[in-house]
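Note sheet for the following structure.
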2 protein chains.
Amino acid sequence: MRDATTEPTPLAHEVVAAVLQVRAGSLRVMLWERALEPHAHRWSLPGGQLGRGEDIEASIRRQLAEKVDIRQLAHVEQLAVFSAPDRVPGPRVVATAFLGLVRSDADPAVPPDTDWFPVDDLPVTAFDHGAIVLRARDRLRAKLSYTNIGFALAPPAFTMSELRGIYSAALGYSVSATNLQRVLARRGLLESTGDTTKPGRSGGRPATLFRFTNTGMQVTDPFAVLRPPGRR
Amino acid sequence: MRDATTEPTPLAHEVVAAVLQVRAGSLRVMLWERALEPHAHRWSLPGGQLGRGEDIEASIRRQLAEKVDIRQLAHVEQLAVFSAPDRVPGPRVVATAFLGLVRSDADPAVPPDTDWFPVDDLPVTAFDHGAIVLRARDRLRAKLSYTNIGFALAPPAFTMSELRGIYSAALGYSVSATNLQRVLARRGLLESTGDTTKPGRSGGRPATLFRFTNTGMQVTDPFAVLRPPGRR
DNA sequence: GCAAAAGTGTTATTGGTACACCCATGG
DNA sequence: CCATGGGTGTACCAATAACACTTTTGC
């Protein structure tokens with residue numbers, strides 16, 4: 001059966017990324033304002049066409065390098081394919097979406113048409129990019145719970161109070177510094193740098209500085225239930 | 001910058017699926033034997049080119065309908081994109097991979113070049129299809145723990161003993177029927193059909209038949225840790 | 001009655017949240 | 001010595017695994 005529906009069709013494949021960062025107290029996504037139609041003046045995700053000799057991860061890293069300093073990208077992972085035939089006007093384009101994370105201490109230089117928006121208060125977005133941002137947000141929130149992915153949001157060294165702020169902003173609700181420390185410490189994800197911060201004018205005990213023991217994502221809470229028998 | 005690497009390239013997009021089923025006591029994947037080069041006589045995943053007017057999920061359902069009775073597919077979900085430039089010989093093809101699940105009571109008629117293989121003992125596979133199967137397996141195993149996805153592996157009605165067998169085969173280790181029942185019951189996923197089975201010749205108490213309360217996947221164990229405050 | 005299979009009761013343990021309390025500093 | 005913020009100790013709680021025990025059947 002060869003009809004218009006099933007005919008093999010060479011088609012364009014673009015790669016886009018929702019790059020998230022905790023900045024100014026909230027979880028934000030990097031968007032740029034389209035100058036041209038279609039969807040002029042709407043905000044959209046960075047990305048572009050998949051090139052000839054690159055796989056999709058290399059492609060998104062290349063495309064993002066034009067927007068942000070690539071060294072600032074602490075983590076990149078595939079999200080999903082968006083393939084509705086009418087997702088963009090004109091010739092068909094299938095998109096693979098990525099989640100990218102930038103540490104909160106980084107402040108990458110971005111072009112003038114580019115800005116950061118809270119993921120919970122997005123402007124009018126182009127195409128299906130709003131849905132992609134929400135998928136990225138949800139993926140990050142889930143992974144904060146069962147992986148060490150916080151390393152990609154936090155600075156290289158931080159106090160528990162700072163980390164609490166980062167997790168709270170990313171998750172969208174208040175996290176206790178006490179319990180956050182315990183959860184991460186129990187999993188062996190935290191270590192002290194040996195340094196402490198100086199208290200502010202109003203006093204207070206100096207905070208010890210921590211770092212994540214690993215960079216590179218790993219699952220730390222693999223089996224919630226139905227775990228294999230006999231592992232004391 | 002327009003060079004061979006970044007030049008927009010119309011390219012072929014194929015959609016493939018690892019269709020898994022618990023049969024003959026083990027978790028198996030449906031593969032078909034390629035007749036033609038490249039990779040003649042190697043075993044490969046069903047799939048094909050993305051058609052013009054369809055999104056990728058419609059596409060994989062269409063392609064699978066040629067191999068198995070589509071009504072037998074209890075669950076379908078996106079896995080990931082495989083995009084290495086040399087993943088198949090010849091002109092470039094990017095693949096979106098899916099996970100498909102068939103209930104263990106179904107025995108879909110399949111073409112003569114098609115067979116079921118244990119996911120933990122695969123034959124020589126074509127291209128990167130072996131890696132795709134392992135991704136599908138791992139995704140299923142993870143989701144058995146924190147979703148109700150068992151509904152897509154189990155028959156419409158089952159004893160706890162049968163369900164234990166299905167979960168054990170899918171997970172690759174022995175699961176206790178006692179605790180399995182408690183976990184699923186606590187989450188409200190099981191209900192009795194009211195019927196019971198007749199014991200075999202050797203006696204034993206009749207087993208009550210259960211069903212899953214929901215078809216359609218849902219996350220049942222959303223937050224392992226770092227849950228929002230104050231939800232007693 | 002006895003073996004077999006299903007199902008329930010009970011306990012121990014784990015991992016998590018909440019909160020009281022102690023610690024170290026500036027003024 | 002008091003206010004401030006950091007860190008720890010501990011009580012409580014929910015979920016789960018392990019296993020002993022009870023129930024219901026065939027022979």
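In the structure tokens, the first chain shown is A, the next is B, and so on; residue numbers restart at 1 for each chain, and ligands run from 1 in the order shown.
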
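Counting only C-alpha atoms (C1' of nucleotides), DC12 (chain D) has the following residues at most 12 Å away, ignoring those fewer than 5 positions along the same chain: DG16, DT17, DA18 and DC19 of chain C.
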
Hey, what's within 12 Å of DT14 (chain C) if we count only C-alpha atoms (C1' of nucleotides) and toss same-chain stuff fewer than 2 positions away? As a CSV table (one decimal) with all heavy atoms, in the first residue's frame, please?
```
chain,number,residue,atom,x,y,z
A,224,ALA,N,11.6,2.0,43.8
A,224,ALA,CA,10.7,2.4,44.9
A,224,ALA,C,10.1,1.2,45.6
A,224,ALA,O,10.1,1.1,46.8
A,224,ALA,CB,9.6,3.4,44.4
A,231,ARG,N,18.0,-8.2,49.4
A,231,ARG,CA,19.1,-7.2,49.5
A,231,ARG,C,18.9,-6.4,50.8
A,231,ARG,O,18.2,-5.4,50.8
A,231,ARG,CB,19.1,-6.3,48.3
A,231,ARG,CG,17.8,-5.8,47.9
A,231,ARG,CD,17.9,-4.6,47.0
A,231,ARG,NE,18.6,-4.9,45.8
A,231,ARG,CZ,18.8,-3.9,44.8
A,231,ARG,NH1,18.4,-2.7,45.0
A,231,ARG,NH2,19.4,-4.2,43.7
A,232,ARG,N,19.5,-6.9,51.8
A,232,ARG,CA,19.5,-6.2,53.1
A,232,ARG,C,20.2,-4.9,52.9
A,232,ARG,O,21.0,-4.4,53.6
A,232,ARG,CB,20.1,-7.0,54.2
A,232,ARG,CG,19.2,-8.2,54.5
A,232,ARG,CD,17.9,-7.8,55.2
A,232,ARG,NE,16.9,-8.8,55.1
A,232,ARG,CZ,16.4,-9.5,56.2
A,232,ARG,NH1,16.8,-9.2,57.4
A,232,ARG,NH2,15.5,-10.4,56.0
C,12,DA,P,9.5,-7.7,66.0
C,12,DA,OP1,10.3,-8.5,67.0
C,12,DA,OP2,8.8,-6.5,66.4
C,12,DA,O5',10.5,-7.3,64.8
C,12,DA,C5',10.9,-8.3,63.9
C,12,DA,C4',11.7,-7.7,62.8
C,12,DA,O4',10.8,-7.1,61.8
C,12,DA,C3',12.6,-6.5,63.2
C,12,DA,O3',13.8,-6.7,62.5
C,12,DA,C2',11.8,-5.3,62.9
C,12,DA,C1',11.0,-5.7,61.6
C,12,DA,N9,9.7,-5.1,61.4
C,12,DA,C8,8.8,-4.8,62.4
C,12,DA,N7,7.7,-4.2,61.9
C,12,DA,C5,8.0,-4.2,60.5
C,12,DA,C6,7.2,-3.7,59.4
C,12,DA,N6,6.0,-3.1,59.6
C,12,DA,N1,7.7,-3.8,58.2
C,12,DA,C2,8.9,-4.4,58.1
C,12,DA,N3,9.7,-4.8,59.0
C,12,DA,C4,9.2,-4.7,60.2
C,16,DG,P,14.7,8.3,51.3
C,16,DG,OP1,14.5,8.3,49.9
C,16,DG,OP2,16.0,8.6,52.0
C,16,DG,O5',13.6,9.3,51.9
C,16,DG,C5',12.2,9.1,51.8
C,16,DG,C4',11.4,9.7,52.8
C,16,DG,O4',11.6,9.0,54.1
C,16,DG,C3',11.8,11.2,53.1
C,16,DG,O3',10.8,12.1,52.6
C,16,DG,C2',11.9,11.3,54.6
C,16,DG,C1',11.3,10.0,55.1
C,16,DG,N9,12.0,9.5,56.3
C,16,DG,C8,13.3,9.1,56.4
C,16,DG,N7,13.7,8.7,57.6
C,16,DG,C5,12.5,9.0,58.3
C,16,DG,C6,12.3,8.8,59.7
C,16,DG,O6,13.1,8.4,60.6
C,16,DG,N1,11.0,9.2,60.0
C,16,DG,C2,10.0,9.6,59.2
C,16,DG,N2,8.8,9.9,59.6
C,16,DG,N3,10.3,9.8,57.9
C,16,DG,C4,11.5,9.4,57.5
D,13,DC,P,2.7,9.5,64.7
D,13,DC,OP1,1.5,10.4,64.9
D,13,DC,OP2,2.8,8.3,65.5
D,13,DC,O5',2.9,9.2,63.2
D,13,DC,C5',3.3,10.2,62.3
D,13,DC,C4',3.7,9.6,61.0
D,13,DC,O4',5.0,9.1,61.0
D,13,DC,C3',2.8,8.4,60.7
D,13,DC,O3',2.2,8.6,59.4
D,13,DC,C2',3.8,7.2,60.7
D,13,DC,C1',5.1,7.8,60.4
D,13,DC,N1,6.3,7.1,60.9
D,13,DC,C2,7.4,6.9,60.0
D,13,DC,O2,7.3,7.3,58.9
D,13,DC,N3,8.5,6.3,60.5
D,13,DC,C4,8.5,5.9,61.8
D,13,DC,N4,9.6,5.2,62.2
D,13,DC,C5,7.4,6.1,62.7
D,13,DC,C6,6.3,6.7,62.2
D,14,DA,P,1.0,7.7,58.9
D,14,DA,OP1,-0.1,8.6,58.6
D,14,DA,OP2,0.9,6.5,59.8
D,14,DA,O5',1.6,7.2,57.5
D,14,DA,C5',2.5,8.1,56.7
D,14,DA,C4',3.2,7.3,55.7
D,14,DA,O4',4.4,6.7,56.2
D,14,DA,C3',2.3,6.2,55.1
D,14,DA,O3',2.6,6.2,53.7
D,14,DA,C2',2.9,5.0,55.8
D,14,DA,C1',4.3,5.3,56.0
D,14,DA,N9,4.9,4.7,57.2
D,14,DA,C8,4.3,4.6,58.4
D,14,DA,N7,5.1,4.0,59.3
D,14,DA,C5,6.3,3.8,58.6
D,14,DA,C6,7.5,3.3,59.0
D,14,DA,N6,7.8,2.8,60.2
D,14,DA,N1,8.5,3.2,58.1
D,14,DA,C2,8.2,3.7,56.9
D,14,DA,N3,7.1,4.2,56.4
D,14,DA,C4,6.2,4.2,57.3
D,15,DA,P,1.8,5.2,52.7
D,15,DA,OP1,1.3,6.0,51.6
D,15,DA,OP2,0.9,4.4,53.6
D,15,DA,O5',2.9,4.2,52.2
D,15,DA,C5',4.1,4.7,51.8
D,15,DA,C4',5.1,3.6,51.6
D,15,DA,O4',5.6,3.2,52.9
D,15,DA,C3',4.5,2.3,51.0
D,15,DA,O3',5.4,2.0,49.9
D,15,DA,C2',4.5,1.3,52.1
D,15,DA,C1',5.7,1.8,53.0
D,15,DA,N9,5.5,1.4,54.4
D,15,DA,C8,4.4,1.6,55.2
D,15,DA,N7,4.6,1.2,56.5
D,15,DA,C5,6.0,0.8,56.5
D,15,DA,C6,6.8,0.3,57.5
D,15,DA,N6,6.4,0.1,58.8
D,15,DA,N1,8.1,0.0,57.2
D,15,DA,C2,8.5,0.2,55.9
D,15,DA,N3,7.8,0.6,54.9
D,15,DA,C4,6.5,0.9,55.2
D,16,DT,P,5.0,0.8,48.9
D,16,DT,OP1,5.5,1.2,47.6
D,16,DT,OP2,3.6,0.4,49.1
D,16,DT,O5',5.9,-0.4,49.4
D,16,DT,C5',7.3,-0.2,49.6
D,16,DT,C4',7.9,-1.3,50.4
D,16,DT,O4',7.5,-1.2,51.8
D,16,DT,C3',7.6,-2.7,49.9
D,16,DT,O3',8.7,-3.3,49.4
D,16,DT,C2',7.1,-3.4,51.2
D,16,DT,C1',7.6,-2.5,52.3
D,16,DT,N1,6.8,-2.5,53.6
D,16,DT,C2,7.5,-2.9,54.7
D,16,DT,O2,8.6,-3.3,54.8
D,16,DT,N3,6.7,-3.0,55.8
D,16,DT,C4,5.3,-2.6,55.9
D,16,DT,O4,4.7,-2.6,57.0
D,16,DT,C5,4.7,-2.2,54.6
D,16,DT,C7,3.3,-1.8,54.6
D,16,DT,C6,5.5,-2.2,53.6
D,17,DA,P,8.8,-4.7,48.6
D,17,DA,OP1,9.7,-4.5,47.5
D,17,DA,OP2,7.4,-5.1,48.4
D,17,DA,O5',9.5,-5.6,49.7
D,17,DA,C5',10.7,-5.2,50.2
D,17,DA,C4',11.2,-6.2,51.3
D,17,DA,O4',10.3,-6.0,52.5
D,17,DA,C3',11.1,-7.7,50.9
D,17,DA,O3',12.2,-8.3,51.4
D,17,DA,C2',9.8,-8.1,51.6
D,17,DA,C1',9.7,-7.3,52.8
D,17,DA,N9,8.4,-6.9,53.3
D,17,DA,C8,7.3,-6.5,52.6
D,17,DA,N7,6.3,-6.2,53.3
D,17,DA,C5,6.7,-6.5,54.6
D,17,DA,C6,6.0,-6.4,55.8
D,17,DA,N6,4.7,-6.0,55.9
D,17,DA,N1,6.7,-6.8,56.9
D,17,DA,C2,7.9,-7.2,56.8
D,17,DA,N3,8.7,-7.3,55.7
D,17,DA,C4,8.0,-6.9,54.6
```

Open item on the list: My list of candidates is C:DA20, C:DG15, C:DC2, C:DT8. Which is closest to chain A when distances are computed with only C-alpha atoms (C1' of nucleotides)?
Closed with: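 Closest candidate: C:DG15.
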
Open item on the list: Could you tell me which residues of chain C sit within 6 Å of chain A when counting only C-alpha atoms (C1' of nucleotides), and give me the result as a list in words?
Closed with: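 My answer is DA24, DT25 and DG26 of chain C.
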
Emit the selected residues as an mmCIF file, in the first residue's frame, including all heavy atoms.
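Okay, selection08.cif is ready:
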```
data_model
loop_
_atom_site.group_PDB
_atom_site.id
_atom_site.type_symbol
_atom_site.label_atom_id
_atom_site.label_comp_id
_atom_site.auth_asym_id
_atom_site.auth_seq_id
_atom_site.Cartn_x
_atom_site.Cartn_y
_atom_site.Cartn_z
ATOM 1 P P DA C 24 30.490 24.812 68.178
ATOM 2 O OP1 DA C 24 31.437 23.934 67.461
ATOM 3 O OP2 DA C 24 30.650 25.087 69.627
ATOM 4 O "O5'" DA C 24 30.434 26.210 67.429
ATOM 5 C "C5'" DA C 24 30.436 26.212 66.006
ATOM 6 C "C4'" DA C 24 30.210 27.618 65.532
ATOM 7 O "O4'" DA C 24 28.900 28.064 65.972
ATOM 8 C "C3'" DA C 24 31.202 28.645 66.063
ATOM 9 O "O3'" DA C 24 31.596 29.426 64.955
ATOM 10 C "C2'" DA C 24 30.399 29.471 67.062
ATOM 11 C "C1'" DA C 24 29.006 29.390 66.441
ATOM 12 N N9 DA C 24 27.875 29.567 67.337
ATOM 13 C C8 DA C 24 27.698 29.030 68.583
ATOM 14 N N7 DA C 24 26.561 29.351 69.141
ATOM 15 C C5 DA C 24 25.933 30.144 68.198
ATOM 16 C C6 DA C 24 24.694 30.808 68.185
ATOM 17 N N6 DA C 24 23.821 30.758 69.188
ATOM 18 N N1 DA C 24 24.383 31.533 67.077
ATOM 19 C C2 DA C 24 25.266 31.574 66.062
ATOM 20 N N3 DA C 24 26.467 30.993 65.967
ATOM 21 C C4 DA C 24 26.732 30.288 67.073
ATOM 22 P P DT C 25 33.013 30.143 64.939
ATOM 23 O OP1 DT C 25 33.675 29.738 63.702
ATOM 24 O OP2 DT C 25 33.666 29.984 66.246
ATOM 25 O "O5'" DT C 25 32.595 31.682 64.824
ATOM 26 C "C5'" DT C 25 31.984 32.142 63.631
ATOM 27 C "C4'" DT C 25 30.897 33.138 63.942
ATOM 28 O "O4'" DT C 25 30.013 32.684 64.964
ATOM 29 C "C3'" DT C 25 31.340 34.490 64.465
ATOM 30 O "O3'" DT C 25 31.728 35.322 63.389
ATOM 31 C "C2'" DT C 25 30.080 35.011 65.129
ATOM 32 C "C1'" DT C 25 29.178 33.790 65.201
ATOM 33 N N1 DT C 25 28.473 33.635 66.479
ATOM 34 C C2 DT C 25 27.230 34.208 66.605
ATOM 35 O O2 DT C 25 26.700 34.843 65.717
ATOM 36 N N3 DT C 25 26.620 34.010 67.817
ATOM 37 C C4 DT C 25 27.139 33.318 68.897
ATOM 38 O O4 DT C 25 26.509 33.212 69.945
ATOM 39 C C5 DT C 25 28.451 32.745 68.708
ATOM 40 C C7 DT C 25 29.095 31.973 69.825
ATOM 41 C C6 DT C 25 29.048 32.925 67.517
ATOM 42 P P DG C 26 32.292 36.805 63.657
ATOM 43 O OP1 DG C 26 33.007 37.239 62.442
ATOM 44 O OP2 DG C 26 32.971 36.807 64.968
ATOM 45 O "O5'" DG C 26 30.961 37.670 63.800
ATOM 46 C "C5'" DG C 26 30.120 37.839 62.672
ATOM 47 C "C4'" DG C 26 29.084 38.907 62.956
ATOM 48 O "O4'" DG C 26 28.236 38.490 64.064
ATOM 49 C "C3'" DG C 26 29.667 40.256 63.352
ATOM 50 O "O3'" DG C 26 28.856 41.272 62.769
ATOM 51 C "C2'" DG C 26 29.586 40.254 64.869
ATOM 52 C "C1'" DG C 26 28.353 39.394 65.155
ATOM 53 N N9 DG C 26 28.454 38.573 66.352
ATOM 54 C C8 DG C 26 29.526 37.801 66.736
ATOM 55 N N7 DG C 26 29.324 37.146 67.853
ATOM 56 C C5 DG C 26 28.029 37.516 68.219
ATOM 57 C C6 DG C 26 27.268 37.137 69.357
ATOM 58 O O6 DG C 26 27.581 36.361 70.261
ATOM 59 N N1 DG C 26 26.020 37.746 69.368
ATOM 60 C C2 DG C 26 25.565 38.603 68.403
ATOM 61 N N2 DG C 26 24.342 39.087 68.582
ATOM 62 N N3 DG C 26 26.267 38.975 67.338
ATOM 63 C C4 DG C 26 27.493 38.388 67.323
#
```

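For region 24-38 of chain B, the list of residues within 6 Å, based on only C-alpha atoms (C1' of nucleotides) and with local chain neighbours fewer than 2 positions off taken out, reads Val19, Leu20, Gln21, Val22, Ala40, His41, Arg42, Trp43, Ser44, Leu45, Asp113, Thr114, Asp115, Trp116, Phe117, Pro118, Val119, Ala169 and Ala170 of chain B.
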